[in-house]
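Shown next: run.txt, given as compact mmCIF, N, CA and C atoms.
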# COMPACT_ATOMS: atom_id res chain seq x y z
N MET Y 1404 -27.73 -40.34 -50.73
CA MET Y 1404 -27.43 -38.96 -50.63
C MET Y 1404 -27.63 -38.43 -49.21
N ARG Y 1405 -28.64 -38.95 -48.55
CA ARG Y 1405 -28.88 -38.49 -47.18
C ARG Y 1405 -27.67 -38.77 -46.30
N SER Y 1406 -27.07 -39.85 -46.53
CA SER Y 1406 -25.92 -40.22 -45.73
C SER Y 1406 -24.79 -39.22 -45.94
N LEU Y 1407 -24.56 -38.82 -47.16
CA LEU Y 1407 -23.52 -37.84 -47.45
C LEU Y 1407 -23.90 -36.48 -46.85
N TYR Y 1408 -25.17 -36.11 -46.96
CA TYR Y 1408 -25.67 -34.86 -46.39
C TYR Y 1408 -25.51 -34.88 -44.87
N GLY Y 1409 -25.84 -36.00 -44.24
CA GLY Y 1409 -25.72 -36.14 -42.80
C GLY Y 1409 -24.27 -36.03 -42.36
N ARG Y 1410 -23.38 -36.66 -43.13
CA ARG Y 1410 -21.95 -36.59 -42.80
C ARG Y 1410 -21.44 -35.15 -42.96
N LEU Y 1411 -21.88 -34.49 -44.00
CA LEU Y 1411 -21.46 -33.11 -44.23
C LEU Y 1411 -21.95 -32.20 -43.10
N VAL Y 1412 -23.17 -32.38 -42.66
CA VAL Y 1412 -23.71 -31.60 -41.54
C VAL Y 1412 -22.92 -31.89 -40.28
N ALA Y 1413 -22.64 -33.15 -40.01
CA ALA Y 1413 -21.87 -33.52 -38.82
C ALA Y 1413 -20.47 -32.91 -38.88
N PHE Y 1414 -19.86 -32.93 -40.06
CA PHE Y 1414 -18.52 -32.36 -40.22
C PHE Y 1414 -18.54 -30.85 -39.96
N VAL Y 1415 -19.52 -30.15 -40.50
CA VAL Y 1415 -19.63 -28.71 -40.30
C VAL Y 1415 -19.90 -28.39 -38.84
N VAL Y 1416 -20.77 -29.17 -38.21
CA VAL Y 1416 -21.06 -28.97 -36.78
C VAL Y 1416 -19.79 -29.19 -35.98
N GLY Y 1417 -19.02 -30.20 -36.33
CA GLY Y 1417 -17.74 -30.46 -35.65
C GLY Y 1417 -16.77 -29.31 -35.81
N LEU Y 1418 -16.67 -28.77 -37.03
CA LEU Y 1418 -15.78 -27.63 -37.27
C LEU Y 1418 -16.21 -26.41 -36.47
N VAL Y 1419 -17.51 -26.17 -36.42
CA VAL Y 1419 -18.02 -25.03 -35.65
C VAL Y 1419 -17.72 -25.22 -34.17
N ALA Y 1420 -17.92 -26.43 -33.67
CA ALA Y 1420 -17.63 -26.72 -32.26
C ALA Y 1420 -16.15 -26.54 -31.96
N LEU Y 1421 -15.29 -27.05 -32.85
CA LEU Y 1421 -13.85 -26.91 -32.67
C LEU Y 1421 -13.44 -25.43 -32.70
N ALA Y 1422 -14.00 -24.68 -33.63
CA ALA Y 1422 -13.71 -23.24 -33.70
C ALA Y 1422 -14.17 -22.53 -32.44
N ALA Y 1423 -15.33 -22.91 -31.92
CA ALA Y 1423 -15.84 -22.30 -30.69
C ALA Y 1423 -14.92 -22.60 -29.52
N ILE Y 1424 -14.42 -23.84 -29.45
CA ILE Y 1424 -13.52 -24.22 -28.36
C ILE Y 1424 -12.21 -23.44 -28.46
N VAL Y 1425 -11.64 -23.37 -29.68
CA VAL Y 1425 -10.37 -22.65 -29.86
C VAL Y 1425 -10.55 -21.16 -29.57
N LEU Y 1426 -11.59 -20.56 -30.11
CA LEU Y 1426 -11.82 -19.13 -29.87
C LEU Y 1426 -12.14 -18.85 -28.40
N GLY Y 1427 -12.87 -19.77 -27.78
CA GLY Y 1427 -13.15 -19.62 -26.35
C GLY Y 1427 -11.86 -19.67 -25.53
N GLY Y 1428 -10.96 -20.58 -25.90
CA GLY Y 1428 -9.67 -20.66 -25.21
C GLY Y 1428 -8.85 -19.40 -25.40
N LEU Y 1429 -8.82 -18.89 -26.62
CA LEU Y 1429 -8.08 -17.65 -26.89
C LEU Y 1429 -8.68 -16.48 -26.12
N PHE Y 1430 -10.00 -16.40 -26.11
CA PHE Y 1430 -10.69 -15.34 -25.38
C PHE Y 1430 -10.38 -15.44 -23.88
N HIS Y 1431 -10.38 -16.66 -23.37
CA HIS Y 1431 -10.07 -16.89 -21.96
C HIS Y 1431 -8.65 -16.42 -21.64
N GLN Y 1432 -7.69 -16.77 -22.51
CA GLN Y 1432 -6.30 -16.36 -22.29
C GLN Y 1432 -6.16 -14.83 -22.32
N GLN Y 1433 -6.88 -14.20 -23.25
CA GLN Y 1433 -6.82 -12.74 -23.34
C GLN Y 1433 -7.39 -12.10 -22.08
N LEU Y 1434 -8.52 -12.58 -21.62
CA LEU Y 1434 -9.12 -12.03 -20.40
C LEU Y 1434 -8.23 -12.27 -19.19
N ARG Y 1435 -7.64 -13.46 -19.15
CA ARG Y 1435 -6.74 -13.79 -18.04
C ARG Y 1435 -5.55 -12.84 -18.03
N GLY Y 1436 -4.98 -12.58 -19.21
CA GLY Y 1436 -3.85 -11.64 -19.30
C GLY Y 1436 -4.24 -10.25 -18.86
N GLN Y 1437 -5.42 -9.80 -19.27
CA GLN Y 1437 -5.88 -8.47 -18.87
C GLN Y 1437 -6.12 -8.40 -17.37
N LEU Y 1438 -6.68 -9.46 -16.81
CA LEU Y 1438 -6.92 -9.49 -15.37
C LEU Y 1438 -5.61 -9.46 -14.60
N LEU Y 1439 -4.63 -10.26 -15.04
CA LEU Y 1439 -3.34 -10.26 -14.37
C LEU Y 1439 -2.66 -8.90 -14.45
N ALA Y 1440 -2.77 -8.24 -15.60
CA ALA Y 1440 -2.18 -6.91 -15.75
C ALA Y 1440 -2.87 -5.91 -14.82
N ALA Y 1441 -4.19 -5.99 -14.72
CA ALA Y 1441 -4.93 -5.08 -13.84
C ALA Y 1441 -4.57 -5.32 -12.37
N VAL Y 1442 -4.48 -6.58 -11.98
CA VAL Y 1442 -4.13 -6.91 -10.59
C VAL Y 1442 -2.70 -6.45 -10.29
N SER Y 1443 -1.81 -6.65 -11.23
CA SER Y 1443 -0.42 -6.22 -11.05
C SER Y 1443 -0.33 -4.70 -10.89
N ALA Y 1444 -1.06 -3.97 -11.71
CA ALA Y 1444 -1.05 -2.50 -11.62
C ALA Y 1444 -1.63 -2.04 -10.28
N ALA Y 1445 -2.71 -2.67 -9.86
CA ALA Y 1445 -3.33 -2.29 -8.58
C ALA Y 1445 -2.39 -2.60 -7.41
N THR Y 1446 -1.72 -3.75 -7.48
CA THR Y 1446 -0.79 -4.13 -6.42
C THR Y 1446 0.37 -3.15 -6.34
N THR Y 1447 0.89 -2.75 -7.49
CA THR Y 1447 1.99 -1.79 -7.53
C THR Y 1447 1.55 -0.45 -6.94
N GLU Y 1448 0.34 -0.02 -7.27
CA GLU Y 1448 -0.18 1.24 -6.74
C GLU Y 1448 -0.35 1.17 -5.22
N ILE Y 1449 -0.87 0.06 -4.74
CA ILE Y 1449 -1.07 -0.10 -3.30
C ILE Y 1449 0.28 -0.13 -2.59
N ALA Y 1450 1.27 -0.80 -3.19
CA ALA Y 1450 2.60 -0.85 -2.58
C ALA Y 1450 3.20 0.55 -2.51
N GLY Y 1451 3.00 1.36 -3.55
CA GLY Y 1451 3.50 2.74 -3.54
C GLY Y 1451 2.84 3.56 -2.45
N THR Y 1452 1.54 3.39 -2.29
CA THR Y 1452 0.81 4.10 -1.24
C THR Y 1452 1.28 3.67 0.15
N ALA Y 1453 1.50 2.37 0.31
CA ALA Y 1453 1.99 1.86 1.60
C ALA Y 1453 3.37 2.42 1.91
N LEU Y 1454 4.22 2.55 0.90
CA LEU Y 1454 5.55 3.12 1.09
C LEU Y 1454 5.45 4.59 1.50
N GLN Y 1455 4.55 5.33 0.88
CA GLN Y 1455 4.36 6.74 1.25
C GLN Y 1455 3.88 6.86 2.70
N ILE Y 1456 2.96 5.99 3.09
CA ILE Y 1456 2.45 6.01 4.47
C ILE Y 1456 3.57 5.68 5.44
N ASP Y 1457 4.40 4.68 5.09
CA ASP Y 1457 5.53 4.29 5.94
C ASP Y 1457 6.49 5.46 6.10
N ASN Y 1458 6.81 6.15 5.00
CA ASN Y 1458 7.71 7.30 5.07
C ASN Y 1458 7.12 8.41 5.94
N LEU Y 1459 5.82 8.63 5.82
CA LEU Y 1459 5.15 9.64 6.64
C LEU Y 1459 5.22 9.28 8.12
N ILE Y 1460 4.96 8.02 8.43
CA ILE Y 1460 5.00 7.57 9.83
C ILE Y 1460 6.42 7.69 10.38
N ARG Y 1461 7.41 7.30 9.59
CA ARG Y 1461 8.81 7.41 10.05
C ARG Y 1461 9.18 8.88 10.29
N GLY Y 1462 8.71 9.77 9.42
CA GLY Y 1462 8.98 11.19 9.62
C GLY Y 1462 8.33 11.72 10.89
N GLU Y 1463 7.08 11.32 11.12
CA GLU Y 1463 6.38 11.74 12.34
C GLU Y 1463 7.07 11.16 13.57
N ASP Y 1464 7.51 9.91 13.49
CA ASP Y 1464 8.19 9.27 14.61
C ASP Y 1464 9.48 10.01 14.94
N GLY Y 1465 10.21 10.40 13.89
CA GLY Y 1465 11.44 11.17 14.11
C GLY Y 1465 11.15 12.50 14.77
N ALA Y 1466 10.09 13.17 14.34
CA ALA Y 1466 9.73 14.46 14.93
C ALA Y 1466 9.34 14.30 16.39
N VAL Y 1467 8.61 13.23 16.70
CA VAL Y 1467 8.22 12.98 18.09
C VAL Y 1467 9.44 12.70 18.95
N GLN Y 1468 10.39 11.93 18.42
CA GLN Y 1468 11.61 11.64 19.18
C GLN Y 1468 12.42 12.91 19.43
N GLU Y 1469 12.53 13.76 18.40
CA GLU Y 1469 13.25 15.02 18.57
C GLU Y 1469 12.56 15.92 19.59
N ALA Y 1470 11.24 15.97 19.56
CA ALA Y 1470 10.50 16.77 20.53
C ALA Y 1470 10.70 16.22 21.94
N GLY Y 1471 10.72 14.90 22.06
CA GLY Y 1471 10.95 14.30 23.37
C GLY Y 1471 12.33 14.63 23.90
N GLN Y 1472 13.34 14.60 23.02
CA GLN Y 1472 14.69 14.93 23.45
C GLN Y 1472 14.79 16.40 23.85
N ALA Y 1473 14.14 17.27 23.08
CA ALA Y 1473 14.14 18.70 23.42
C ALA Y 1473 13.44 18.93 24.75
N SER Y 1474 12.32 18.26 24.96
CA SER Y 1474 11.58 18.40 26.21
C SER Y 1474 12.41 17.90 27.39
N SER Y 1475 13.09 16.80 27.17
CA SER Y 1475 13.94 16.24 28.22
C SER Y 1475 15.07 17.22 28.56
N GLY Y 1476 15.64 17.83 27.52
CA GLY Y 1476 16.70 18.81 27.75
C GLY Y 1476 16.19 20.02 28.50
N LEU Y 1477 15.00 20.51 28.14
CA LEU Y 1477 14.42 21.66 28.84
C LEU Y 1477 14.10 21.32 30.28
N SER Y 1478 13.61 20.11 30.49
CA SER Y 1478 13.29 19.69 31.85
C SER Y 1478 14.56 19.63 32.69
N GLY Y 1479 15.64 19.12 32.08
CA GLY Y 1479 16.92 19.08 32.79
C GLY Y 1479 17.43 20.47 33.10
N ASN Y 1480 17.27 21.40 32.15
CA ASN Y 1480 17.70 22.78 32.38
C ASN Y 1480 16.89 23.42 33.50
N ALA Y 1481 15.59 23.18 33.53
CA ALA Y 1481 14.74 23.73 34.58
C ALA Y 1481 15.15 23.18 35.94
N HIS Y 1482 15.46 21.89 35.98
CA HIS Y 1482 15.88 21.27 37.25
C HIS Y 1482 17.20 21.88 37.72
N THR Y 1483 18.14 22.07 36.78
CA THR Y 1483 19.43 22.67 37.12
C THR Y 1483 19.25 24.11 37.59
N THR Y 1484 18.39 24.85 36.93
CA THR Y 1484 18.12 26.23 37.32
C THR Y 1484 17.54 26.28 38.73
N GLN Y 1485 16.62 25.38 39.02
CA GLN Y 1485 16.02 25.35 40.36
C GLN Y 1485 17.07 25.01 41.41
N GLN Y 1486 17.98 24.10 41.09
CA GLN Y 1486 19.05 23.75 42.04
C GLN Y 1486 19.94 24.95 42.32
N LEU Y 1487 20.28 25.71 41.25
CA LEU Y 1487 21.10 26.91 41.45
C LEU Y 1487 20.38 27.95 42.29
N LEU Y 1488 19.09 28.14 42.03
CA LEU Y 1488 18.32 29.10 42.83
C LEU Y 1488 18.29 28.68 44.30
N ASP Y 1489 18.09 27.40 44.54
CA ASP Y 1489 18.06 26.90 45.92
C ASP Y 1489 19.44 27.05 46.57
N ARG Y 1490 20.48 26.79 45.81
CA ARG Y 1490 21.84 26.84 46.35
C ARG Y 1490 22.21 28.25 46.80
N PHE Y 1491 21.80 29.22 46.01
CA PHE Y 1491 22.13 30.60 46.34
C PHE Y 1491 21.00 31.30 47.10
N HIS Y 1492 20.07 30.50 47.57
CA HIS Y 1492 18.96 30.99 48.40
C HIS Y 1492 18.21 32.15 47.75
N VAL Y 1493 17.93 32.01 46.48
CA VAL Y 1493 17.16 33.03 45.76
C VAL Y 1493 15.69 32.68 45.92
N GLN Y 1494 14.94 33.67 46.34
CA GLN Y 1494 13.52 33.42 46.52
C GLN Y 1494 12.78 33.65 45.20
N ARG Y 1495 11.76 32.88 45.05
CA ARG Y 1495 10.93 33.02 43.84
C ARG Y 1495 10.07 34.26 43.96
N LEU Y 1496 9.88 34.89 42.83
CA LEU Y 1496 8.97 36.03 42.81
C LEU Y 1496 7.55 35.50 42.80
N ALA Y 1497 6.72 36.15 43.53
CA ALA Y 1497 5.32 35.71 43.59
C ALA Y 1497 4.65 36.08 42.27
N ALA Y 1498 3.90 35.14 41.77
CA ALA Y 1498 3.16 35.40 40.52
C ALA Y 1498 2.01 36.33 40.82
N SER Y 1499 1.86 37.35 39.98
CA SER Y 1499 0.78 38.29 40.24
C SER Y 1499 -0.43 37.98 39.42
Written form, structure tokens:
Amino acid sequence: MRSLYGRLVAFVVGLVALAAIVLGGLFHQQLRGQLLAAVSAATTEIAGTALQIDNLIRGEDGAVQEAGQASSGLSGNAHTTQQLLDRFHVQRLAAS
């Protein structure tokens, strides 16, 4: 009888071990899936933020270029005005 009892105990221990391995594998797969989903969501959010920053920088760059062009145009106008004043011998008014 002991032999049968020993075999039965070994069989039950084997079933418990097999169940633990299978459940552990399933648990691992579930955690892995959750981790991948979390990483994917975080990556998507970071990519969206990076795109917003890029758009902001491009907008600022465009504004700086427009300001530079306007400044260049004003500088050219001032130079032309000074040439006309010199050509017609107009004296500058003294700043008070």
Atom pair atom N of Arg1490 in chain Y / atom C of Ser1474 in chain Y: separation (Å):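 Atom-to-atom, atom N of Arg1490 in chain Y to atom C of Ser1474 in chain Y, that is 22.0 Å.
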Atom pair CA of Gln1468 in chain Y / CA of Ala1453 in chain Y: separation (Å):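 Atom-to-atom, CA of Gln1468 in chain Y and CA of Ala1453 in chain Y are spaced 22.3 Å apart.
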Separation of CA of Ala1444 in chain Y from CA of Leu1429 in chain Y in Å: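 Result for CA of Leu1429 in chain Y versus CA of Ala1444 in chain Y: 22.6 Å, one decimal.
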